[in-house]
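Q: Structure below; questions to follow.
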Amino acid sequence: MAEYHGVMIFAEITDGKLAPIFRELMGIGRKLANDLSEELSVLVAGSGVANIAAEAVSFGADKVYIADAPLLQDYRTDSYVAVIEKIVKQTNPRILLLGQTIIGRDLAPRAACRLGTAVTLDCIALEIDAPTKQLLQTKPVYGGNACAVYIMETYPQMATVRAKTMTASLPDSSHRGEIIQITTSLDGADIKTDVLQKFIQETEGIKLEDAAIVIAGGRGIGGPDGFKQLEELAKQLKGAVGASRPPCDNGWVSDTRQIGLTGKIVSPDLYIAVALSGTSQHIAGCAGAKNIIAINRDPEANIFKEARFGVVGDWKKVVPAFQAKIKELRG
Ligand SMILES: Cc1cc2nc3c(=O)[nH]c(=O)nc-3n(C[C@H](O)[C@H](O)[C@H](O)COP(=O)(O)OP(=O)(O)OC[C@H]3O[C@@H](n4cnc5c(N)ncnc54)[C@H](O)[C@@H]3O)c2cc1C
């Protein structure tokens, strides 16, 4: 059996820069590596990414494995899975961590399958069980109503990490690490997809994932005009607007606003759930919020079981009254 050693982080790159989740992965990666007294490495894949490798060192990497090839210019599942498979089989990390992002969710299960191991998605806590050196992987289950701790019998022990659940590492330009080039031997013919065009979806104001306050509207908002009112409230509170699935399916708001099992996962300080019932598929995306306030005309709506504060009433009356009160309090 191969000897497994160390913690490896997959460095996700967006728009030519390390994705925000990278710092959080390095924060937890460093802690796990210290607890194991083993090294922390980073896997960087892309085209023209030498500067990214150097930056990864400043975030605390002892080693950076870099796969730099034109075929890795855009994220494509086939090419990235092949690179992960090659580097991981060559280096045998004990633990491999990715972000619970759109790319991480696509990549991690496929890579796990290729590596003959398993992956725990959407972890909110990771620690080492000292006697066994096993990775204890905690993730929310049953729509966030409970947490389960997973242990894996196969290696590498793989997990994806939910954004904003780990303390981010800070850059230190004095940190020294080794950068190791890996030849990819990728064949374009093996990559089944091609990127034909890229679209940038402009979002006004604060990004949903970064917002400290999220105002999420549900089916009961009734149409796109209702969402305009939620946008006004979001502006007042310096927050961002999210949605349950029906408003996205109906085209009232962009799909990028969807929160839940098949949408985004957010962990704001305050989550205002307006005219949504609070199904488990929705709560899966907002269970990490520090406080939930529900506004719903049905006192039996499930969202009240999740919420810290609740207002039973028609949102068309409650939201304007709330906005007026904010204005009054701010003079
Ligand atoms: C595989 C799968 C994945 C899914 N993924 C997601 C996901 O990621 N995110 C997601 O949200 N859903 C997801 N769903 C859909 C989910 O099951 C629910 O259908 C959805 O969450 C319901 O959205 P809602 O709460 O807005 O609508 P409803 O359940 O219809 O609730 C509307 C609420 O609005 C209230 N209301 C109506 N009018 C007013 C008013 N004037 N004032 C105040 N309250 C009012 C009603 O009392 C009701 O509680 C998924 C489903 C499946 C099967």
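Every chain in the structure tokens has a letter given in the order shown (A, B, ...), and although residue numbers restart at 1 in each chain, ligands are simply numbered from 1 in the order shown.
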Can you list every residue of range 63-182 of chain A that has an atom at most 10 Å from range 283-307 of chain A, with its nearest atom pair and the distance in Å to one decimal, using only C-alpha atoms, ordered by chain then number, as a Markdown table?

A:
| residue | atom | partner | partner_atom | distance |
| --- | --- | --- | --- | --- |
| A:Ile124 | CA | A:Gly288 | CA | 9.1 |
| A:Pro140 | CA | A:Ala284 | CA | 8.1 |
| A:Val141 | CA | A:Ala284 | CA | 8.3 |
| A:Tyr142 | CA | A:Ala284 | CA | 8.1 |
| A:Gly143 | CA | A:Ala284 | CA | 4.5 |
| A:Gly144 | CA | A:Ala287 | CA | 5.4 |
| A:Asn145 | CA | A:Ala287 | CA | 8.0 |
| A:Arg162 | CA | A:Gly288 | CA | 9.6 |
| A:Lys164 | CA | A:Gly288 | CA | 9.3 |
| A:Thr165 | CA | A:Gly288 | CA | 8.7 |

Q: Residues as selected, C-alpha atoms, written as a CSV table (one decimal), in the first residue's frame, can you do that?

A:
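Result went into part.csv, see below:
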chain,number,residue,atom,x,y,z
A,124,ILE,CA,-18.1,23.0,7.7
A,140,PRO,CA,-24.7,19.5,7.7
A,141,VAL,CA,-27.3,16.8,6.9
A,142,TYR,CA,-31.2,16.7,6.8
A,143,GLY,CA,-31.3,20.2,5.3
A,144,GLY,CA,-29.1,21.6,8.0
A,145,ASN,CA,-31.1,20.2,10.9
A,162,ARG,CA,-18.1,25.4,2.5
A,164,LYS,CA,-16.8,31.2,5.1
A,165,THR,CA,-16.6,28.3,7.5

Q: List as an NGL selection string the protein and nucleic acid residues lying within 7 Å of ligand 1, with only C-alpha atoms and all ligand atoms counted.

A: :A and (217-221 or 243-247 or 258-263 or 274-279 or 281-282 or 285 or 295-298 or 301 or 313-316)

Q: From the list A:Phe10, A:His175, A:Val241, A:Ala189, which residue is nearest Met158 in chain A when using only C-alpha atoms?

A: A:Phe10

Q: From range 11-248 of chain A, collect each residue whose DSSP state is alpha helix (DSSP H) and return the set as a PyMOL selection string.

A: chain A and resi 21-36+50-58+77-91+102-115+224-237+245-248

Q: Can you check which residues of range 99-138 of chain A DSSP gives as strand (DSSP E) on the backbone and send them as a PyMOL selection string?

A: chain A and resi 99+119-123+125-129+134-138

Q: Between CA of Ile13 in chain A and CA of Leu96 in chain A, what is the distance in Å, rounded to a tenth?

A: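 Atom-to-atom, CA of Ile13 in chain A and CA of Leu96 in chain A are spaced 16.7 Å apart.
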
Q: Could you check which of A:Gly99, A:Ser37, A:Met166, A:Ile215 is closest to Gln229 in chain A, using only C-alpha atoms?

A: A:Ile215

Q: Which value, in Å to one decimal, gives the distance between CA of Arg330 in chain A and CA of Thr203 in chain A?

A: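 That distance, rounded to one decimal, is 26.8 Å.
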
Q: Do a neighbour search on Gly60 in chain A at 8 Å with only C-alpha atoms, toss out local chain neighbours closer than 4 positions, and write the hits as a short mmCIF file (atom, residue, chain, number, x, y, z; two decimals) with all heavy atoms, in the first residue's frame.

A:
data_model
loop_
_atom_site.label_atom_id
_atom_site.label_comp_id
_atom_site.auth_asym_id
_atom_site.auth_seq_id
_atom_site.Cartn_x
_atom_site.Cartn_y
_atom_site.Cartn_z
N MET A 26 -6.38 27.23 2.71
CA MET A 26 -5.02 27.26 3.25
C MET A 26 -5.03 27.40 4.77
O MET A 26 -4.18 26.85 5.46
CB MET A 26 -4.24 28.41 2.62
CG MET A 26 -3.88 28.18 1.17
SD MET A 26 -2.91 26.69 0.88
CE MET A 26 -1.28 27.25 1.34
N ARG A 30 -3.34 24.42 6.73
CA ARG A 30 -2.16 24.63 7.60
C ARG A 30 -2.39 24.01 8.97
O ARG A 30 -1.53 23.36 9.54
CB ARG A 30 -1.88 26.14 7.68
CG ARG A 30 -0.83 26.59 8.63
CD ARG A 30 0.43 25.76 8.62
NE ARG A 30 1.25 25.86 7.43
CZ ARG A 30 2.13 24.93 7.04
NH1 ARG A 30 2.31 23.83 7.75
NH2 ARG A 30 2.84 25.06 5.95
N LEU A 40 2.25 20.89 3.94
CA LEU A 40 1.07 21.42 3.25
C LEU A 40 1.49 21.73 1.81
O LEU A 40 2.43 22.49 1.58
CB LEU A 40 0.61 22.70 3.96
CG LEU A 40 -0.53 23.47 3.28
CD1 LEU A 40 -1.81 22.64 3.22
CD2 LEU A 40 -0.82 24.78 4.03
N ALA A 56 0.79 31.25 -4.00
CA ALA A 56 0.36 30.14 -3.12
C ALA A 56 1.40 29.89 -2.03
O ALA A 56 1.05 29.59 -0.89
CB ALA A 56 0.13 28.88 -3.95
N SER A 169 -6.18 32.07 5.74
CA SER A 169 -4.76 32.32 6.03
C SER A 169 -4.37 33.66 5.42
O SER A 169 -4.93 34.10 4.42
CB SER A 169 -3.96 31.13 5.49
OG SER A 169 -3.07 31.51 4.52
N PRO A 171 -1.43 36.28 3.76
CA PRO A 171 -0.18 36.13 3.01
C PRO A 171 1.04 36.60 3.82
O PRO A 171 0.93 37.53 4.60
CB PRO A 171 -0.39 37.01 1.78
CG PRO A 171 -1.44 37.97 2.17
CD PRO A 171 -2.28 37.35 3.23
N ASP A 172 2.16 35.92 3.60
CA ASP A 172 3.41 36.29 4.27
C ASP A 172 4.52 36.11 3.24
O ASP A 172 4.88 34.98 2.88
CB ASP A 172 3.61 35.36 5.48
CG ASP A 172 4.98 35.55 6.13
OD1 ASP A 172 5.74 36.44 5.67
OD2 ASP A 172 5.28 34.82 7.09
N HIS A 175 7.50 33.74 3.64
CA HIS A 175 7.39 32.27 3.69
C HIS A 175 8.08 31.66 2.47
O HIS A 175 7.94 32.14 1.36
CB HIS A 175 5.91 31.86 3.74
CG HIS A 175 5.73 30.38 3.89
ND1 HIS A 175 5.76 29.75 5.11
CD2 HIS A 175 5.58 29.40 2.97
CE1 HIS A 175 5.62 28.45 4.94
NE2 HIS A 175 5.49 28.21 3.65
N ARG A 176 8.79 30.60 2.69
CA ARG A 176 9.51 29.93 1.59
C ARG A 176 8.91 28.56 1.31
O ARG A 176 8.56 27.83 2.23
CB ARG A 176 10.99 29.75 1.94
CG ARG A 176 11.77 31.05 2.06
CD ARG A 176 12.07 31.64 0.67
NE ARG A 176 12.42 33.06 0.75
CZ ARG A 176 11.58 34.07 0.55
NH1 ARG A 176 10.32 33.86 0.25
NH2 ARG A 176 11.97 35.33 0.64
N GLY A 177 8.79 28.23 0.01
CA GLY A 177 8.28 26.92 -0.38
C GLY A 177 8.88 26.51 -1.70
O GLY A 177 9.47 27.33 -2.42
#

Q: Rank nothing, just name the residue among A:Glu232, A:Asp190, A:Val266, A:Trp252 nearest to Ala324 in chain A, using only C-alpha atoms.

A: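 Looking only at the distances to Ala324 in chain A, the closest residue turns out to be A:Glu232.
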
Q: Report as a count of residues only all protein, DNA and RNA residues lying within 9 Å of Asp194 in chain A, evaluated on only C-alpha atoms, omitting residues in the same chain fewer than 3 positions from it.

A: 3

Q: Can you work out which one of A:Ile326, A:Ile182, A:Ala82, A:Ile95 has the shortest atom-to-atom distance to Ile28 in chain A, counting only C-alpha atoms?

A: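 Looking only at the distances to Ile28 in chain A, the closest residue turns out to be A:Ile95.
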
Q: Quick one: residues within 12 Å of Ile200 in chain A, only C-alpha atoms counted, chain neighbours fewer than 2 positions away excluded, as a list in words?

A: Asp15, Gln197, Lys198, Glu202, Thr203 and Thr256 of chain A

Q: Using N, CA and C atoms, can you write the selected residues to a file as a PDB file, in the first residue's frame?

A:
ATOM      1  N   ASP A  15     -10.841  34.015 -13.174  1.00  0.00           N
ATOM      2  CA  ASP A  15     -10.380  35.240 -13.846  1.00  0.00           C
ATOM      3  C   ASP A  15      -8.891  35.473 -13.624  1.00  0.00           C
ATOM      4  N   GLN A 197     -17.399  30.306 -25.898  1.00  0.00           N
ATOM      5  CA  GLN A 197     -17.619  31.711 -25.589  1.00  0.00           C
ATOM      6  C   GLN A 197     -17.794  31.872 -24.083  1.00  0.00           C
ATOM      7  N   LYS A 198     -17.383  33.016 -23.570  1.00  0.00           N
ATOM      8  CA  LYS A 198     -17.577  33.255 -22.138  1.00  0.00           C
ATOM      9  C   LYS A 198     -18.474  34.474 -21.956  1.00  0.00           C
ATOM     10  N   GLU A 202     -23.021  40.527 -15.095  1.00  0.00           N
ATOM     11  CA  GLU A 202     -22.759  41.627 -14.166  1.00  0.00           C
ATOM     12  C   GLU A 202     -23.785  41.586 -13.043  1.00  0.00           C
ATOM     13  N   THR A 203     -23.320  41.706 -11.816  1.00  0.00           N
ATOM     14  CA  THR A 203     -24.269  41.825 -10.715  1.00  0.00           C
ATOM     15  C   THR A 203     -24.065  43.184 -10.074  1.00  0.00           C
ATOM     16  N   THR A 256     -28.592  32.888 -11.029  1.00  0.00           N
ATOM     17  CA  THR A 256     -27.431  33.035 -10.133  1.00  0.00           C
ATOM     18  C   THR A 256     -27.860  33.447  -8.727  1.00  0.00           C
TER      19      THR A 256
END

Q: Compile the contact shell of Phe22 in chain A as a list in words: residues with an atom at most 8 Å away, counting only C-alpha atoms, same-chain residues fewer than 2 positions apart removed.

A: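 Non-adjacent residues within range: Ala11, Glu12, Leu18, Ala19, Pro20, Glu24, Leu25, Met26 and Gly99 of chain A.
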
Q: Counting only C-alpha atoms, what is within 10 Å of Leu126 in chain A, bar same-chain residues fewer than 3 positions away, as a list in words?

A: Ile28, Gly29, Lys31, Leu32, Cys123, Asp129, Leu135, Leu136, Gln137, Thr138, Lys139, Val149, Tyr150, Ala159, Val161 and Met166 of chain A

Q: Kindly indicate which residue among A:Val318, A:Ile21, A:Leu208, A:Ile102 lies nearest to Ala168 in chain A, using only C-alpha atoms for the distances.

A: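 Checking each of A:Val318, A:Ile21, A:Leu208, A:Ile102 against Ala168 in chain A, counting only C-alpha atoms, the winner is A:Ile21.
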
Q: Can you work out which one of A:Tyr75, A:Glu55, A:Lys133, A:Thr14 has the shortest atom-to-atom distance to Glu38 in chain A, counting only C-alpha atoms?

A: A:Lys133
